[in-house]
Every structure is written in C-alpha cells, then in structure tokens.
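Take a look at the structure set out below.
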Amino acid sequence: MRRFAIATLLGASLAAMAAPAQAAWHSYVSHKLGFSFEAPGDVKASVGAYRGQFAGPHESIIFRSVDDNIEYKVTVMSFMQAQADGATILGEREYNFQNEKKVLMDTFGRVEPGKDAIYGRKITVELPKNGGRTLGAFYFVNGKMIVLEATILPANGDYASPDPGRFIDSIVFQLQRTQQGATELKLPE
Amino acid sequence: MRSRFSAWILAAVAGAALVASAAPASAAWKGYISHPLGFAFAAPGDLKFERGKYQAAVAGNCDSMVWRSVDDGIEYKVIVIDTVAQANKAATLLGEAEYIFQDQKKLLMDAFGRVDGKFGRKLTIDLPNKSRTTAAFWFVNGRIVSLQATVPANGDVDTPEMARFVDSITFYPVRAADDALELPLPK
C-alpha cells in the first residue's frame, strides 16, 4: 500500500514537471496608442504590413508573445486621415480575417460602458490545414484600428482553453481602468 | 365526356382568376437616388417622408430622416441618421446602431454586407409581436444609413421582397436605375 502511494506521488510529480510551464500574465499599456491589455510571457514589438482593397497598404505595429503554444498578438494600424471610413476599414479587416475559413463565432464586441463604449466584433475561426484556432477582436478607436488575435496552435491542442478569451477581453481603452503596475509598451523605432 | 372536361377546365380557370383577383396587388418597384446623401435603392409603392429622432449612448441625440412605404403588407423603410458631427467614430456609431437593432430580439441572421467597396452588416430579427425585420446598416458620408423591411406577424416571412429591398442599395450613382427618382430632402 505504502509502495503504491509513493509510486503515485512520484508519477504525479513527473507529470507536473513534464507539463509546459505557463508564464505569468502581465498588464501592458501604451499611453501613446491609447489602450492596455494583458498577456502572458514577454511581449515584443515589431513592424508589420497590412494591405486591404479599401484600406490600401499600411504599416502596422505588432505586439506579440507566445506562451504554451498559444500566440498572442496585438496589431495597430493608423488611419488618422480616414476616420470617417472607419466602419468600412474595420469591416474589411474583419471580413478578410474570416474569409475562406470556418467561422465558429461572430458576435458583437463592446468595451467600456455608456457613452464611452467602443463597438467592434469578436470572431473565432478555424485555420485551414489544421493550423489551429484563432480568436480575434477588432476595434477602431481614435483613428487607429486595433486587432487582438490569440491563436491556439496544434501543438497546444486545447481549443477550449480560456486563455484566448482572457487575452481578447482584457483590452481597455479608458486607461484609468488599466491595472496598476502595467508595463509601458515600447514602440518599434 | 368532352363537355364535362371543358366544364372542368372552365371552372379551374375561373377559380384561378378569382384567386388572382383576391390577392393584394403588388405595386411596381421604382428606383430612388439621393445624390447629396450618396446612395440609391429600389422600393415598391409611394415613399413618404417623415423626420425622426435617434438616441444612443455613444451617438447621443441625432436627427434622422425616414422614407417609408407599405406594399402587400410589407413595410419598407430607409433611415438616415445624421452623425456628421462625429463621423470620426464611424465604426463605433455603426456598431452601436446594429447592436441596438438586435438587442433583446431573436437574432436570425448577422452577416457581412459588402456593396460597392463598402462594408456593413445585414441582420434579420424576429420582433416580440412575431413580425420579422431584415435590415442592412451602412456608414455613408458621415451618416448611418439603414434599410429595413418588415413582414407583419402571420405574413409570408419567406418572401424574397425583403432581401430585394435591402440588397438594392448602391453607392455608385451609375448603378442606380436609369429612371431613378431623386429623393426629396426636407428643407
């Protein structure tokens, strides 16, 4: 009996060690871009490119981290000169996100209450060729399109993980609601 | 035998004629265009204009214009909400209007709308009184533009007329009907 208990304890310890260590979640803020969010792991900034038929070619800023085979990404694009076209620019980005993919969810997104509300959309798609599953959230705020995407890679495989939802729903535009101690995001030079 | 067959045909024809005459007459569809507002559409019957109000948390209190017709029991409405002063919030204003439209109703469809390079949304809801509305929402020149067609309770909810109306919108004047009537704007 005692041998069995020891073996069980050893087995459980080994299993715990074999599981990938999950990084702690941190809060990040960009006062310049006007939003904050939470993500696990080290968030690194880079420059990307986006092209939409209506939006045209645009440079983007990408904040990205990977933890436990889930990729967390925030993409920011500036459309200061085309704010009145924000609805179409955002709609085009949402459409491109789900185009030719299996859509699992497509629903309203709303951040902040009352007159400060920002309306957008939350969409979940299955990526082609068993590429995993991505949950995206899309907002257009103060001339900037802000897209949060969390992709559960096949190596993780837990498509019911609550972490993508936690990431997507952590977005804040009223910065007084940002968690204390949030790390200021460094913008790429 | 031959005369009995002829009588049967006569009765059938007379019956069909009676049914046809008893059915409500559908009005002809006409094209309408508003150059200042930047869109065109088609609708049956005579459009009547009325002023309206729109209130929402983000948009605040806004004036609206409504063109409305009723044909074969279906109500067709074009609603234009003046949000020009805050057009820089286009995406949120449009999202808010869509959200309010379907809030606490049974949502049957919520899909992308794409016309002439513009992206919007098309939604179908069942109203509490069992009527059904199909609507499209767009943001055009600083204004929220919504086309809404409502079939009353116990009406033919499968009618293609709702979609015909909602999908008739165009933002390119060249795609408007050749004989489209200019929508009169209030002075």
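To be explicit about the labels: the chains of the structure tokens are called A, B, and onward in the order shown, and within each one the residues are counted from 1, while ligands get numbers from 1 in the order they are shown.
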Quiz prompt | Distance query Asp110 (chain B) at most 7 Å, only C-alpha atoms, self and fewer than 3 positions along chain excluded, as a PyMOL selection string | solution = chain B and resi 121-124
Quiz item: If you count only C-alpha atoms, which residues fall within 6 Å of Met145 (chain A), apart from same-chain ones fewer than 4 positions away, as an MDAnalysis selection string?
Solution: chainID A and resid 76:77 139:140
Output C-alpha atoms for every residue in the selection just made, as a PDB file, in the first residue's frame.
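Generated file (out21.pdb):
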ATOM      1  CA  VAL A  76      -2.229  48.516 -34.505  1.00  0.00           C
ATOM      2  CA  MET A  77      -2.699  50.459 -37.737  1.00  0.00           C
ATOM      3  CA  TYR A 139     -11.881  47.825 -32.854  1.00  0.00           C
ATOM      4  CA  PHE A 140     -11.441  51.236 -34.457  1.00  0.00           C
TER       5      PHE A 140
END
Self-check item: Distance filter 10 Å, only C-alpha atoms, chain B against chain A, as a ChimeraX atom specification
Solution: /B:56-60,84,86-99,110-114,117-121,138-143
Quiz prompt | 8 Å contact set for Val151 (chain B), only C-alpha atoms, chain neighbours under 5 positions out, as a ChimeraX atom specification | solution = /B:73-75,131-133,156-157,162
Generate a file of the selected residues that holds N, CA and C atoms, formatted as a JSON list (two decimals), in the first residue's frame.
[["chain", "number", "residue", "atom", "x", "y", "z"],
["B", 73, "GLY", "N", -48.53, 44.51, -47.51],
["B", 73, "GLY", "CA", -48.39, 44.25, -46.07],
["B", 73, "GLY", "C", -46.97, 44.36, -45.55],
["B", 74, "ILE", "N", -46.00, 44.57, -46.44],
["B", 74, "ILE", "CA", -44.60, 44.67, -46.00],
["B", 74, "ILE", "C", -44.23, 46.16, -45.89],
["B", 75, "GLU", "N", -43.60, 46.50, -44.77],
["B", 75, "GLU", "CA", -43.18, 47.89, -44.59],
["B", 75, "GLU", "C", -41.71, 48.03, -45.00],
["B", 131, "SER", "N", -43.55, 39.64, -35.83],
["B", 131, "SER", "CA", -43.19, 40.12, -37.17],
["B", 131, "SER", "C", -41.68, 39.95, -37.35],
["B", 132, "ARG", "N", -41.20, 40.05, -38.58],
["B", 132, "ARG", "CA", -39.78, 39.80, -38.87],
["B", 132, "ARG", "C", -39.21, 40.97, -39.67],
["B", 133, "THR", "N", -38.03, 41.41, -39.26],
["B", 133, "THR", "CA", -37.37, 42.51, -39.96],
["B", 133, "THR", "C", -36.00, 42.10, -40.47],
["B", 156, "ASP", "N", -45.88, 36.43, -44.87],
["B", 156, "ASP", "CA", -45.00, 35.46, -45.52],
["B", 156, "ASP", "C", -43.54, 35.84, -45.21],
["B", 157, "VAL", "N", -43.01, 35.22, -44.17],
["B", 157, "VAL", "CA", -41.66, 35.58, -43.75],
["B", 157, "VAL", "C", -40.59, 35.08, -44.73],
["B", 162, "MET", "N", -38.15, 41.28, -49.08],
["B", 162, "MET", "CA", -37.33, 41.95, -48.05],
["B", 162, "MET", "C", -35.88, 42.04, -48.52]]
Practice problem: Extract the full set of alpha helix (DSSP H) residues from region 61-180 of chain A according to DSSP on the backbone, and format it as JSON, numbers by chain. | Solution: {"A": [86, 87, 88, 89, 90, 91, 92, 93, 94, 95, 96, 97, 98, 163, 164, 165, 166, 167, 168]}
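Summary of the local environment: counting only C-alpha atoms, residues at most 9 Å from Trp29 (chain B), other than itself and those fewer than 5 positions away along its chain, are B:Ala42, B:Ala43, B:Pro44, B:Gly45.
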Quiz item: If we count only C-alpha atoms, what is near Phe165 (chain B) at a cut-off of 9 Å, once residues fewer than 4 positions away on the same chain are taken out, given as a PyMOL selection string?
Solution: chain B and resi 41-44+76+147-149+160-161+169
Just-selected residues, N, CA, C and O atoms written as a compact mmCIF listing (two decimals), in the first residue's frame:
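And here is the file that came out, again-v7.txt:
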# COMPACT_ATOMS: atom_id res chain seq x y z
N PHE B 41 -31.50 53.23 -54.19
CA PHE B 41 -32.14 51.95 -53.83
C PHE B 41 -33.42 51.81 -54.64
O PHE B 41 -33.81 52.73 -55.38
N ALA B 42 -34.08 50.68 -54.46
CA ALA B 42 -35.36 50.45 -55.12
C ALA B 42 -36.39 50.02 -54.08
O ALA B 42 -36.05 49.32 -53.12
N ALA B 43 -37.62 50.46 -54.27
CA ALA B 43 -38.69 50.09 -53.35
C ALA B 43 -40.03 50.13 -54.09
O ALA B 43 -40.17 50.86 -55.07
N PRO B 44 -41.00 49.37 -53.60
CA PRO B 44 -42.33 49.41 -54.23
C PRO B 44 -43.19 50.48 -53.57
O PRO B 44 -42.93 50.89 -52.43
N TYR B 76 -41.46 49.01 -45.85
CA TYR B 76 -40.10 49.28 -46.33
C TYR B 76 -39.66 50.63 -45.77
O TYR B 76 -40.39 51.62 -45.93
N LEU B 147 -31.50 50.28 -44.24
CA LEU B 147 -32.70 49.85 -44.98
C LEU B 147 -33.34 48.72 -44.19
O LEU B 147 -32.65 47.77 -43.82
N GLN B 148 -34.63 48.86 -43.92
CA GLN B 148 -35.30 47.85 -43.09
C GLN B 148 -36.63 47.46 -43.72
O GLN B 148 -37.43 48.33 -44.07
N ALA B 149 -36.85 46.17 -43.85
CA ALA B 149 -38.11 45.66 -44.40
C ALA B 149 -38.74 44.74 -43.35
O ALA B 149 -38.07 43.85 -42.82
N PRO B 160 -39.21 36.92 -50.85
CA PRO B 160 -37.90 37.45 -51.30
C PRO B 160 -37.87 38.97 -51.37
O PRO B 160 -36.83 39.56 -51.61
N GLU B 161 -39.03 39.61 -51.14
CA GLU B 161 -39.11 41.07 -51.31
C GLU B 161 -38.25 41.82 -50.29
O GLU B 161 -37.71 42.88 -50.59
N ILE B 169 -29.51 48.47 -52.50
CA ILE B 169 -28.73 49.69 -52.26
C ILE B 169 -27.45 49.70 -53.11
O ILE B 169 -26.84 48.66 -53.35
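Near Met105 (chain A), within a cut-off of 9 Å and counting only C-alpha atoms, sit the residues Lys122, Ile123, Thr124, Val125 and Leu135 of chain A, with same-chain residues fewer than 5 positions away left out.
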Atoms kept (N, CA, C and O atoms) for selection, written as a PDB file, in the first residue's frame:
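To be explicit, this is the file written out as again30.pdb:
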ATOM      1  N   LYS A 122     -16.087  40.302 -32.295  1.00  0.00           N
ATOM      2  CA  LYS A 122     -15.236  39.187 -31.878  1.00  0.00           C
ATOM      3  C   LYS A 122     -15.567  37.996 -32.776  1.00  0.00           C
ATOM      4  O   LYS A 122     -16.740  37.656 -32.934  1.00  0.00           O
ATOM      5  N   ILE A 123     -14.531  37.425 -33.343  1.00  0.00           N
ATOM      6  CA  ILE A 123     -14.736  36.342 -34.324  1.00  0.00           C
ATOM      7  C   ILE A 123     -13.765  35.209 -34.000  1.00  0.00           C
ATOM      8  O   ILE A 123     -12.584  35.445 -33.712  1.00  0.00           O
ATOM      9  N   THR A 124     -14.260  33.983 -34.052  1.00  0.00           N
ATOM     10  CA  THR A 124     -13.398  32.809 -33.905  1.00  0.00           C
ATOM     11  C   THR A 124     -13.408  32.022 -35.205  1.00  0.00           C
ATOM     12  O   THR A 124     -14.477  31.757 -35.761  1.00  0.00           O
ATOM     13  N   VAL A 125     -12.221  31.667 -35.690  1.00  0.00           N
ATOM     14  CA  VAL A 125     -12.134  30.871 -36.921  1.00  0.00           C
ATOM     15  C   VAL A 125     -11.218  29.673 -36.706  1.00  0.00           C
ATOM     16  O   VAL A 125     -10.325  29.702 -35.859  1.00  0.00           O
ATOM     17  N   LEU A 135      -8.940  33.318 -32.173  1.00  0.00           N
ATOM     18  CA  LEU A 135      -9.994  34.218 -31.685  1.00  0.00           C
ATOM     19  C   LEU A 135      -9.502  35.635 -31.914  1.00  0.00           C
ATOM     20  O   LEU A 135      -8.405  35.992 -31.474  1.00  0.00           O
TER      21      LEU A 135
END
So that I can check the surroundings of Pro154 (chain A), please list as a PDB file with all heavy atoms, in the first residue's frame every protein, DNA and RNA residue that reaches within 12 Å of it, counting only C-alpha atoms and ignoring chain neighbours fewer than 6 positions away.
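Generated file (around.pdb):
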ATOM      1  N   ASP A  68       2.896  28.622 -24.002  1.00  0.00           N
ATOM      2  CA  ASP A  68       2.185  27.347 -24.003  1.00  0.00           C
ATOM      3  C   ASP A  68       1.553  27.058 -25.369  1.00  0.00           C
ATOM      4  O   ASP A  68       0.430  26.576 -25.467  1.00  0.00           O
ATOM      5  CB  ASP A  68       1.107  27.373 -22.906  1.00  0.00           C
ATOM      6  CG  ASP A  68       0.577  25.988 -22.594  1.00  0.00           C
ATOM      7  OD1 ASP A  68       1.218  24.997 -22.990  1.00  0.00           O
ATOM      8  OD2 ASP A  68      -0.504  25.901 -21.981  1.00  0.00           O
ATOM      9  N   ASN A  69       2.301  27.392 -26.418  1.00  0.00           N
ATOM     10  CA  ASN A  69       1.845  27.170 -27.802  1.00  0.00           C
ATOM     11  C   ASN A  69       0.546  27.901 -28.137  1.00  0.00           C
ATOM     12  O   ASN A  69      -0.275  27.429 -28.926  1.00  0.00           O
ATOM     13  CB  ASN A  69       1.705  25.676 -28.094  1.00  0.00           C
ATOM     14  CG  ASN A  69       3.063  25.039 -28.300  1.00  0.00           C
ATOM     15  OD1 ASN A  69       3.845  25.471 -29.144  1.00  0.00           O
ATOM     16  ND2 ASN A  69       3.378  24.037 -27.489  1.00  0.00           N
ATOM     17  N   ILE A  70       0.381  29.039 -27.513  1.00  0.00           N
ATOM     18  CA  ILE A  70      -0.677  29.969 -27.916  1.00  0.00           C
ATOM     19  C   ILE A  70       0.004  31.283 -28.272  1.00  0.00           C
ATOM     20  O   ILE A  70       0.798  31.803 -27.490  1.00  0.00           O
ATOM     21  CB  ILE A  70      -1.721  30.196 -26.803  1.00  0.00           C
ATOM     22  CG1 ILE A  70      -2.367  28.877 -26.394  1.00  0.00           C
ATOM     23  CG2 ILE A  70      -2.794  31.193 -27.262  1.00  0.00           C
ATOM     24  CD1 ILE A  70      -3.354  28.990 -25.236  1.00  0.00           C
ATOM     25  N   GLU A  71      -0.289  31.770 -29.474  1.00  0.00           N
ATOM     26  CA  GLU A  71       0.308  33.038 -29.910  1.00  0.00           C
ATOM     27  C   GLU A  71      -0.664  34.181 -29.615  1.00  0.00           C
ATOM     28  O   GLU A  71      -1.834  34.112 -29.993  1.00  0.00           O
ATOM     29  CB  GLU A  71       0.605  32.999 -31.416  1.00  0.00           C
ATOM     30  CG  GLU A  71       1.258  34.276 -31.913  1.00  0.00           C
ATOM     31  CD  GLU A  71       1.248  34.393 -33.442  1.00  0.00           C
ATOM     32  OE1 GLU A  71       0.168  34.224 -34.045  1.00  0.00           O
ATOM     33  OE2 GLU A  71       2.322  34.621 -34.005  1.00  0.00           O
ATOM     34  N   GLU A 126     -11.483  28.641 -37.502  1.00  0.00           N
ATOM     35  CA  GLU A 126     -10.551  27.522 -37.577  1.00  0.00           C
ATOM     36  C   GLU A 126      -9.638  27.777 -38.754  1.00  0.00           C
ATOM     37  O   GLU A 126     -10.105  28.093 -39.858  1.00  0.00           O
ATOM     38  CB  GLU A 126     -11.308  26.206 -37.761  1.00  0.00           C
ATOM     39  CG  GLU A 126     -11.639  25.579 -36.436  1.00  0.00           C
ATOM     40  CD  GLU A 126     -12.232  24.200 -36.580  1.00  0.00           C
ATOM     41  OE1 GLU A 126     -12.286  23.661 -37.703  1.00  0.00           O
ATOM     42  OE2 GLU A 126     -12.668  23.680 -35.562  1.00  0.00           O
ATOM     43  N   LEU A 127      -8.350  27.646 -38.527  1.00  0.00           N
ATOM     44  CA  LEU A 127      -7.393  27.914 -39.595  1.00  0.00           C
ATOM     45  C   LEU A 127      -7.334  26.727 -40.548  1.00  0.00           C
ATOM     46  O   LEU A 127      -7.530  25.577 -40.125  1.00  0.00           O
ATOM     47  CB  LEU A 127      -6.017  28.203 -39.000  1.00  0.00           C
ATOM     48  CG  LEU A 127      -5.989  29.419 -38.052  1.00  0.00           C
ATOM     49  CD1 LEU A 127      -4.613  29.578 -37.411  1.00  0.00           C
ATOM     50  CD2 LEU A 127      -6.354  30.696 -38.803  1.00  0.00           C
ATOM     51  N   PRO A 128      -7.059  26.976 -41.828  1.00  0.00           N
ATOM     52  CA  PRO A 128      -7.013  25.873 -42.783  1.00  0.00           C
ATOM     53  C   PRO A 128      -5.872  24.908 -42.486  1.00  0.00           C
ATOM     54  O   PRO A 128      -4.908  25.271 -41.817  1.00  0.00           O
ATOM     55  CB  PRO A 128      -6.799  26.576 -44.127  1.00  0.00           C
ATOM     56  CG  PRO A 128      -6.678  28.020 -43.857  1.00  0.00           C
ATOM     57  CD  PRO A 128      -6.802  28.274 -42.406  1.00  0.00           C
ATOM     58  N   LYS A 129      -5.990  23.719 -43.015  1.00  0.00           N
ATOM     59  CA  LYS A 129      -4.969  22.670 -42.901  1.00  0.00           C
ATOM     60  C   LYS A 129      -4.581  22.402 -41.446  1.00  0.00           C
ATOM     61  O   LYS A 129      -3.385  22.308 -41.122  1.00  0.00           O
ATOM     62  CB  LYS A 129      -3.730  23.043 -43.721  1.00  0.00           C
ATOM     63  CG  LYS A 129      -4.032  23.166 -45.213  1.00  0.00           C
ATOM     64  CD  LYS A 129      -2.831  23.630 -45.987  1.00  0.00           C
ATOM     65  CE  LYS A 129      -3.196  23.837 -47.446  1.00  0.00           C
ATOM     66  NZ  LYS A 129      -2.145  24.472 -48.224  1.00  0.00           N
ATOM     67  N   ASN A 130      -5.591  22.333 -40.594  1.00  0.00           N
ATOM     68  CA  ASN A 130      -5.354  22.048 -39.175  1.00  0.00           C
ATOM     69  C   ASN A 130      -4.321  22.980 -38.561  1.00  0.00           C
ATOM     70  O   ASN A 130      -3.462  22.552 -37.777  1.00  0.00           O
ATOM     71  CB  ASN A 130      -4.923  20.585 -38.987  1.00  0.00           C
ATOM     72  CG  ASN A 130      -6.033  19.635 -39.380  1.00  0.00           C
ATOM     73  OD1 ASN A 130      -7.206  19.887 -39.086  1.00  0.00           O
ATOM     74  ND2 ASN A 130      -5.687  18.564 -40.082  1.00  0.00           N
ATOM     75  N   GLY A 131      -4.399  24.241 -38.931  1.00  0.00           N
ATOM     76  CA  GLY A 131      -3.422  25.222 -38.439  1.00  0.00           C
ATOM     77  C   GLY A 131      -3.723  25.762 -37.066  1.00  0.00           C
ATOM     78  O   GLY A 131      -2.981  26.603 -36.557  1.00  0.00           O
ATOM     79  N   GLY A 132      -4.806  25.321 -36.473  1.00  0.00           N
ATOM     80  CA  GLY A 132      -5.170  25.793 -35.144  1.00  0.00           C
ATOM     81  C   GLY A 132      -6.437  26.623 -35.189  1.00  0.00           C
ATOM     82  O   GLY A 132      -7.193  26.584 -36.162  1.00  0.00           O
ATOM     83  N   ARG A 133      -6.667  27.340 -34.124  1.00  0.00           N
ATOM     84  CA  ARG A 133      -7.901  28.128 -33.996  1.00  0.00           C
ATOM     85  C   ARG A 133      -7.544  29.535 -33.507  1.00  0.00           C
ATOM     86  O   ARG A 133      -6.762  29.674 -32.572  1.00  0.00           O
ATOM     87  CB  ARG A 133      -8.843  27.448 -32.996  1.00  0.00           C
ATOM     88  CG  ARG A 133     -10.155  28.139 -32.826  1.00  0.00           C
ATOM     89  CD  ARG A 133     -11.071  27.361 -31.911  1.00  0.00           C
ATOM     90  NE  ARG A 133     -11.495  26.091 -32.505  1.00  0.00           N
ATOM     91  CZ  ARG A 133     -12.391  25.268 -31.973  1.00  0.00           C
ATOM     92  NH1 ARG A 133     -12.945  25.580 -30.813  1.00  0.00           N
ATOM     93  NH2 ARG A 133     -12.736  24.145 -32.549  1.00  0.00           N
ATOM     94  N   THR A 134      -8.116  30.545 -34.151  1.00  0.00           N
ATOM     95  CA  THR A 134      -7.815  31.928 -33.768  1.00  0.00           C
ATOM     96  C   THR A 134      -9.078  32.653 -33.312  1.00  0.00           C
ATOM     97  O   THR A 134     -10.109  32.591 -33.975  1.00  0.00           O
ATOM     98  CB  THR A 134      -7.201  32.711 -34.948  1.00  0.00           C
ATOM     99  OG1 THR A 134      -6.004  32.059 -35.362  1.00  0.00           O
ATOM    100  CG2 THR A 134      -6.840  34.140 -34.538  1.00  0.00           C
TER     101      THR A 134
END
